[in-house]
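Okay, coords-v2.cif now, which holds mmCIF, C-alpha atoms:
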data_start
loop_
_atom_site.label_atom_id
_atom_site.label_comp_id
_atom_site.auth_asym_id
_atom_site.auth_seq_id
_atom_site.Cartn_x
_atom_site.Cartn_y
_atom_site.Cartn_z
CA MET A 1 133.79 120.40 96.21
CA GLY A 2 135.51 117.99 93.84
CA THR A 3 138.29 115.79 95.20
CA GLY A 4 138.29 117.36 98.65
CA ASN A 5 136.61 114.36 100.26
CA VAL A 6 138.99 111.70 98.98
CA GLU A 7 140.70 111.28 102.36
CA ASN A 8 137.48 111.50 104.39
CA ARG A 9 134.50 109.22 104.43
CA GLY A 10 131.46 110.72 102.84
CA ARG A 11 130.72 112.66 99.71
CA GLN A 12 128.21 115.24 98.58
CA ILE A 13 126.05 115.68 95.51
CA VAL A 14 126.92 119.24 94.56
CA GLY A 15 124.73 119.59 91.48
CA MET A 16 122.09 117.91 89.36
CA LEU A 17 121.71 117.98 85.59
CA GLY A 18 118.45 116.92 83.98
CA GLY A 19 116.69 117.56 80.73
CA PRO A 20 114.79 115.70 78.04
CA THR A 21 116.27 112.62 76.46
CA GLY A 22 118.56 113.53 73.59
CA SER A 23 119.35 117.03 74.89
CA GLY A 24 123.05 116.27 75.40
CA LYS A 25 123.29 115.69 79.16
CA THR A 26 126.15 113.18 78.97
CA ALA A 27 128.46 115.40 76.92
CA VAL A 28 127.82 118.43 79.13
CA ALA A 29 128.21 116.40 82.32
CA LEU A 30 131.60 115.09 81.25
CA GLU A 31 132.89 118.64 80.78
CA VAL A 32 131.44 119.87 84.07
CA ALA A 33 132.76 116.90 86.04
CA SER A 34 136.20 117.22 84.46
CA ALA A 35 136.42 120.92 85.28
CA LEU A 36 135.37 120.48 88.91
CA GLY A 37 137.01 117.16 89.75
CA LEU A 38 133.69 115.40 90.22
CA GLU A 39 132.41 111.90 89.51
CA ILE A 40 129.03 111.30 87.90
CA LEU A 41 126.02 109.68 89.53
CA SER A 42 123.75 108.26 86.84
CA CYS A 43 120.07 109.05 87.44
CA ASP A 44 118.66 106.99 84.60
CA SER A 45 116.60 103.88 85.29
CA GLY A 46 117.26 102.38 81.85
CA GLN A 47 120.99 102.97 81.91
CA SER A 48 121.21 101.23 85.28
CA ARG A 49 120.48 97.88 83.58
CA GLN A 50 123.00 95.59 81.95
CA GLY A 51 122.54 94.82 78.27
CA LEU A 52 120.68 98.04 77.43
CA ALA A 53 123.61 100.34 76.75
CA ILE A 54 122.83 101.12 73.10
CA GLY A 55 119.10 101.71 73.35
CA THR A 56 119.34 103.83 76.50
CA ALA A 57 122.28 105.91 75.20
CA ALA A 58 124.35 104.94 78.22
CA PRO A 59 127.80 106.49 78.61
CA THR A 60 130.31 104.62 76.49
CA SER A 61 133.26 102.72 77.93
CA GLU A 62 135.54 105.55 76.81
CA GLU A 63 133.36 108.14 78.56
CA GLN A 64 133.31 106.08 81.72
CA ARG A 65 137.10 105.77 81.63
CA ARG A 66 137.36 109.54 81.34
CA ILE A 67 135.06 110.20 84.33
CA ARG A 68 133.96 107.55 86.76
CA HIS A 69 130.19 106.90 86.55
CA HIS A 70 128.19 105.31 89.35
CA LEU A 71 125.09 103.11 88.93
CA VAL A 72 125.51 102.46 85.20
CA GLY A 73 124.87 98.82 84.28
CA CYS A 74 124.52 97.78 87.91
CA LEU A 75 121.30 95.73 87.57
CA ALA A 76 120.28 92.74 85.50
CA PRO A 77 117.76 93.60 82.75
CA ASP A 78 115.02 91.62 84.51
CA ALA A 79 115.80 92.54 88.13
CA PRO A 80 113.06 94.25 90.16
CA ASP A 81 113.81 97.80 91.24
CA SER A 82 112.25 100.89 92.78
CA VAL A 83 113.05 104.51 93.56
CA ALA A 84 113.55 103.54 97.20
CA ALA A 85 116.06 100.84 96.25
CA TRP A 86 117.88 103.30 93.98
CA LEU A 87 118.14 105.85 96.81
CA GLU A 88 119.59 103.15 99.05
CA ARG A 89 122.26 102.49 96.43
CA VAL A 90 123.03 106.21 96.33
CA GLU A 91 123.31 106.32 100.13
CA SER A 92 125.92 103.57 99.96
CA ILE A 93 127.95 105.54 97.44
CA LEU A 94 127.77 108.73 99.49
CA ALA A 95 129.12 106.86 102.50
CA THR A 96 132.34 105.93 100.67
CA PRO A 97 135.45 108.08 100.28
CA GLY A 98 135.96 109.78 96.95
CA PRO A 99 135.22 112.90 94.95
CA ASP A 100 131.94 114.73 95.20
CA LEU A 101 129.26 113.90 92.64
CA LEU A 102 127.29 115.46 89.81
CA ALA A 103 123.91 113.72 89.50
CA VAL A 104 122.94 113.37 85.84
CA GLY A 105 119.98 111.76 84.13
CA GLY A 106 116.46 111.87 82.83
CA THR A 107 114.54 109.80 85.40
CA GLY A 108 112.62 112.54 87.14
CA GLN A 109 111.69 110.50 90.20
CA TYR A 110 115.36 109.83 90.91
CA LEU A 111 116.21 113.54 90.77
CA LEU A 112 113.17 114.37 92.87
CA GLY A 113 114.15 111.75 95.44
CA LEU A 114 117.60 113.29 95.77
CA ALA A 115 116.21 116.80 96.17
CA LYS A 116 113.14 116.22 98.31
CA GLY A 117 113.35 112.70 99.67
CA LEU A 118 110.75 109.99 99.35
CA ASP A 119 107.51 109.61 101.25
CA PRO A 120 107.18 106.33 103.13
CA VAL A 121 106.51 103.50 100.69
CA PRO A 122 106.23 99.74 101.26
CA ALA A 123 108.73 97.37 99.72
CA PRO A 124 107.79 96.29 96.16
CA ASP A 125 105.73 93.14 95.75
CA PRO A 126 106.62 91.55 92.38
CA GLU A 127 103.68 89.10 92.52
CA LEU A 128 101.16 91.87 93.19
CA ARG A 129 102.72 94.00 90.47
CA ALA A 130 102.39 91.13 87.98
CA ARG A 131 98.72 90.64 88.91
CA LEU A 132 98.02 94.34 88.45
CA GLN A 133 99.77 94.30 85.08
CA SER A 134 97.58 91.38 84.03
CA ARG A 135 94.48 93.23 85.19
CA TRP A 136 95.52 96.30 83.21
CA GLU A 137 95.80 94.20 80.07
CA GLN A 138 92.42 92.55 80.66
CA GLU A 139 90.34 95.31 82.26
CA GLY A 140 91.91 98.56 81.10
CA ARG A 141 92.34 101.83 82.95
CA GLU A 142 88.94 102.66 84.45
CA PRO A 143 88.52 99.84 87.05
CA LEU A 144 92.07 100.21 88.31
CA TRP A 145 91.72 103.98 88.55
CA LYS A 146 88.49 103.68 90.57
CA GLU A 147 90.16 101.23 92.94
CA LEU A 148 93.15 103.56 93.38
CA VAL A 149 90.97 106.59 94.16
CA ALA A 150 88.96 104.56 96.66
CA LEU A 151 92.18 103.71 98.51
CA ASP A 152 93.98 107.02 97.97
CA PRO A 153 91.78 110.10 97.40
CA THR A 154 94.84 112.12 96.34
CA PRO A 155 96.70 109.87 93.86
CA PRO A 156 99.71 111.10 91.84
CA HIS A 157 98.64 113.80 89.41
CA ASP A 158 99.85 111.86 86.36
CA ALA A 159 98.52 108.43 87.38
CA TRP A 160 95.45 108.65 85.12
CA GLN A 161 97.48 109.29 81.99
CA ASN A 162 100.56 107.20 82.81
CA PRO A 163 99.87 103.44 83.14
CA VAL A 164 103.18 102.80 84.92
CA ARG A 165 102.40 105.44 87.52
CA LEU A 166 98.86 104.14 87.90
CA LEU A 167 100.00 100.57 88.55
CA ARG A 168 102.74 101.63 90.96
CA ALA A 169 100.37 103.90 92.87
CA LEU A 170 97.77 101.15 93.13
CA GLU A 171 100.39 98.64 94.26
CA LYS A 172 101.50 101.02 97.00
CA ALA A 173 97.92 101.77 98.09
CA LEU A 174 97.00 98.08 98.24
CA LEU A 175 100.10 97.17 100.24
CA LEU A 176 99.50 99.98 102.74
CA SER A 177 95.86 98.95 103.08
CA ARG A 178 97.09 95.47 104.04
CA GLY A 179 99.34 96.84 106.75
CA ALA A 180 102.67 96.66 104.92
CA THR A 181 105.54 98.46 106.63
CA ALA A 182 106.54 101.64 104.83
CA LYS A 183 109.97 103.24 104.75
CA GLY A 184 110.74 106.79 103.69
CA HIS A 185 113.98 108.47 102.65
CA ALA A 186 115.32 111.85 103.65
CA PRO A 187 116.60 114.03 100.79
CA LEU A 188 120.20 113.21 99.93
CA ALA A 189 120.96 116.45 98.08
CA PRO A 190 118.54 119.10 99.37
CA LEU A 191 120.92 121.99 98.68
CA ALA A 192 122.28 120.88 95.31
CA LYS A 193 121.83 123.32 92.44
CA ILE A 194 119.53 121.85 89.78
CA PHE A 195 120.06 122.51 86.07
CA ALA A 196 118.14 121.30 83.04
CA LEU A 197 119.08 121.51 79.38
CA ALA A 198 116.56 123.26 77.14
CA LEU A 199 116.08 122.81 73.39
CA ASP A 200 113.25 123.95 71.17
CA ARG A 201 111.03 121.15 69.92
CA ALA A 202 112.26 121.22 66.31
CA ALA A 203 115.93 120.99 67.32
CA LEU A 204 115.22 118.21 69.79
CA GLN A 205 113.24 116.29 67.17
CA ARG A 206 116.21 116.42 64.79
CA ARG A 207 118.55 115.19 67.51
CA LEU A 208 116.24 112.33 68.46
CA GLU A 209 115.92 111.11 64.88
CA SER A 210 119.67 111.34 64.31
CA ARG A 211 120.38 109.53 67.58
CA LEU A 212 117.92 106.75 66.72
CA ASP A 213 119.61 106.13 63.38
CA LYS A 214 123.00 105.99 65.11
CA MET A 215 121.67 103.52 67.69
CA LEU A 216 120.41 101.25 64.95
CA GLN A 217 123.74 101.47 63.12
CA ASN A 218 125.57 100.61 66.35
CA GLY A 219 123.68 97.35 66.79
CA TRP A 220 120.52 98.08 68.75
CA ILE A 221 118.72 95.19 67.03
CA GLN A 222 121.49 92.80 68.14
CA GLU A 223 121.06 94.12 71.66
CA ILE A 224 117.34 93.35 71.46
CA ARG A 225 118.00 89.82 70.20
CA ALA A 226 120.27 89.15 73.18
CA LEU A 227 117.33 89.94 75.48
CA GLU A 228 114.68 87.90 73.66
CA THR A 229 114.75 85.00 76.14
CA LEU A 230 113.60 87.28 78.96
CA PRO A 231 109.89 87.25 79.86
CA LEU A 232 107.67 89.91 78.34
CA ASP A 233 107.06 91.50 81.74
CA ALA A 234 110.78 92.02 82.43
CA PRO A 235 111.57 95.66 83.22
CA CYS A 236 113.83 96.00 80.19
CA TRP A 237 110.81 95.78 77.86
CA LYS A 238 109.37 98.94 79.42
CA CYS A 239 112.21 101.07 78.03
CA ILE A 240 111.30 103.10 74.96
CA GLY A 241 112.04 101.33 71.70
CA TYR A 242 112.61 97.89 73.20
CA PRO A 243 109.09 96.47 72.80
CA GLU A 244 108.79 98.01 69.33
CA LEU A 245 112.07 96.50 68.15
CA ARG A 246 111.33 93.15 69.79
CA GLU A 247 108.43 92.78 67.34
CA VAL A 248 110.73 93.11 64.31
CA ALA A 249 113.97 91.63 65.69
CA HIS A 250 113.66 88.67 63.30
CA LEU A 251 113.91 91.00 60.28
CA ASP A 252 117.14 92.19 58.69
CA HIS A 253 115.93 95.80 58.72
CA VAL A 254 113.70 98.07 60.80
CA PRO A 255 110.48 98.95 58.95
CA ALA A 256 109.75 102.65 58.59
CA PRO A 257 106.53 102.46 60.66
CA THR A 258 108.46 100.88 63.55
CA ARG A 259 111.10 103.58 63.37
CA GLN A 260 108.39 106.25 63.44
CA ARG A 261 106.69 104.65 66.46
CA ILE A 262 109.98 104.85 68.36
CA VAL A 263 110.53 108.46 67.33
CA ASP A 264 107.01 109.40 68.41
CA ALA A 265 107.30 107.58 71.74
CA THR A 266 110.67 109.19 72.44
CA ARG A 267 109.35 112.66 71.60
CA GLN A 268 106.37 112.17 73.92
CA TYR A 269 108.67 110.97 76.68
CA ALA A 270 110.89 114.03 76.25
CA LYS A 271 107.85 116.26 76.63
CA ARG A 272 106.85 114.48 79.83
CA GLN A 273 110.37 114.88 81.18
CA GLU A 274 110.29 118.63 80.57
CA THR A 275 106.91 118.95 82.25
CA TRP A 276 108.07 116.92 85.26
CA LEU A 277 111.19 119.05 85.72
CA ARG A 278 109.28 122.29 85.36
CA ASN A 279 106.52 121.32 87.79
CA LYS A 280 108.45 119.31 90.35
CA LEU A 281 112.00 120.62 90.53
CA HIS A 282 111.96 124.16 89.09
CA PRO A 283 115.51 123.91 87.69
CA THR A 284 117.68 126.57 86.15
CA TRP A 285 117.09 126.03 82.43
CA VAL A 286 120.26 126.20 80.37
CA PRO A 287 119.96 126.71 76.58
CA ALA A 288 121.51 123.68 74.89
CA ASP A 289 121.63 124.90 71.28
CA ARG A 290 125.28 125.98 71.50
CA PRO A 291 128.71 124.38 71.93
CA VAL A 292 129.06 121.90 74.77
CA ALA A 293 132.02 123.78 76.25
CA GLU A 294 129.96 126.96 76.48
CA ILE A 295 127.06 125.19 78.19
CA ALA A 296 129.39 123.46 80.63
CA SER A 297 131.24 126.67 81.43
CA GLU A 298 128.00 128.35 82.48
CA ILE A 299 127.13 125.48 84.81
CA VAL A 300 130.67 125.30 86.23
CA THR A 301 130.62 129.01 87.07
CA THR A 302 127.31 128.70 88.91
CA LEU A 303 128.42 125.63 90.85
CA ARG A 304 131.68 127.29 91.91
CA GLU A 305 129.74 130.28 93.19
CA ALA A 306 127.29 128.01 95.05
CA ASN A 307 130.02 125.74 96.48
CA PRO A 308 133.01 127.99 97.24
#

Show how you would write the structure in this file as structure tokens.
Amino acid sequence: MGTGNVENRGRQIVGMLGGPTGSGKTAVALEVASALGLEILSCDSGQSRQGLAIGTAAPTSEEQRRIRHHLVGCLAPDAPDSVAAWLERVESILATPGPDLLAVGGTGQYLLGLAKGLDPVPAPDPELRARLQSRWEQEGREPLWKELVALDPTPPHDAWQNPVRLLRALEKALLLSRGATAKGHAPLAPLAKIFALALDRAALQRRLESRLDKMLQNGWIQEIRALETLPLDAPCWKCIGYPELREVAHLDHVPAPTRQRIVDATRQYAKRQETWLRNKLHPTWVPADRPVAEIASEIVTTLREANP
């Protein structure tokens, strides 16, 4: 574990750290990686895009100088992407010489892909995805859901409630029904120990509100303005807070109702992340309401025991 693979080609993902947004994953990961001589693999779809560093709470330049991070800011804000494409990027990293990795982030499908692989899926079709998005806006949920169930009697469990999941599932089902070639991925870290940070709802709410205020102070509105020329269906506008702030980017302040909408959306997202981790990955939950060094020490001890 750690720097042992520097002279040999190939690395391993020795651990994963998830948890709801705002729970402190970055700070803990830096301590764990430093103690074990690891680099960090970012598992966050928003942080992978250029120009979204403030609003996605991406690791700062100083943090990235301290510990090398992979797959942060590696995509344009409007570039198409998928879980399969992300796993291919990870495969490329694992094939290079260097220290072993700690996978860190809040995108549950990325963590799940590392642990359990990915069922065969066809390559994304941006034109079909755009047509489905247009249909969603015009027709609503019910017709699309009925079409999905007709094509796939066992759709993803959260597709009814989550529009993004519904559209992606329908896109996949339609492509397969048309004979598209599907490619799967074997798990890249099937034996990695999985941790998740746990905070009670009240504490997490306070952190989220404080973090939002700091993001706004650090220039989140200016970040939004720099993206305004991108089309409304660009992936960057699906990140929490970005569509809300786009509506008020012309103002010199963020209205209280807009701020509350972002807080509410972030809190709901955090709840979905916790549910996903609990149901899909069954991690070791680590209480996060204590000093970062103490949290990191607990994870380091477990990883050393699991990777002697």

**Distance query Gly184 (chain A) at most 6 Å, all atoms listed in the file, self and fewer than 4 positions along chain excluded, as a PyMOL selection string** = chain A and resi 118-120

**Request:** Could you jot down the CA of Ile40 (chain A) to CA of Ile262 (chain A) separation for me, Å, one decimal place?
**Result:**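 Those two atoms sit 28.0 Å apart.
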
**Request:** To verify the selection step, state as JSON, numbers by chain which residues the PyMOL selection byres ((chain A and resi 83-89) around 8) yields on this input.
**Result:** {"A": [81, 82, 90, 91, 92, 93, 109, 110, 113, 114, 118, 121, 184, 185]}

**Item:** Between CA of Ala186 (chain A) and CA of His157 (chain A) - distance in Å to one decimal
**Value:**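 Computing the Euclidean distance for CA of His157 (chain A) and CA of Ala186 (chain A) yields 22.0 Å.
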
**Request:** Step by step, work through what the PyMOL selection byres ((chain A and resi 284) around 12) selects in the shown file, and finish by giving those residues as number ranges by chain.
**Result:** A: 15-19, 192-198, 277-278, 281-283, 285-287, 298-299, 302-303

**Item:** Resolved residues for the PyMOL selection byres ((chain A and resi 42-57) around 8) as a count of residues only
**Value:** 32
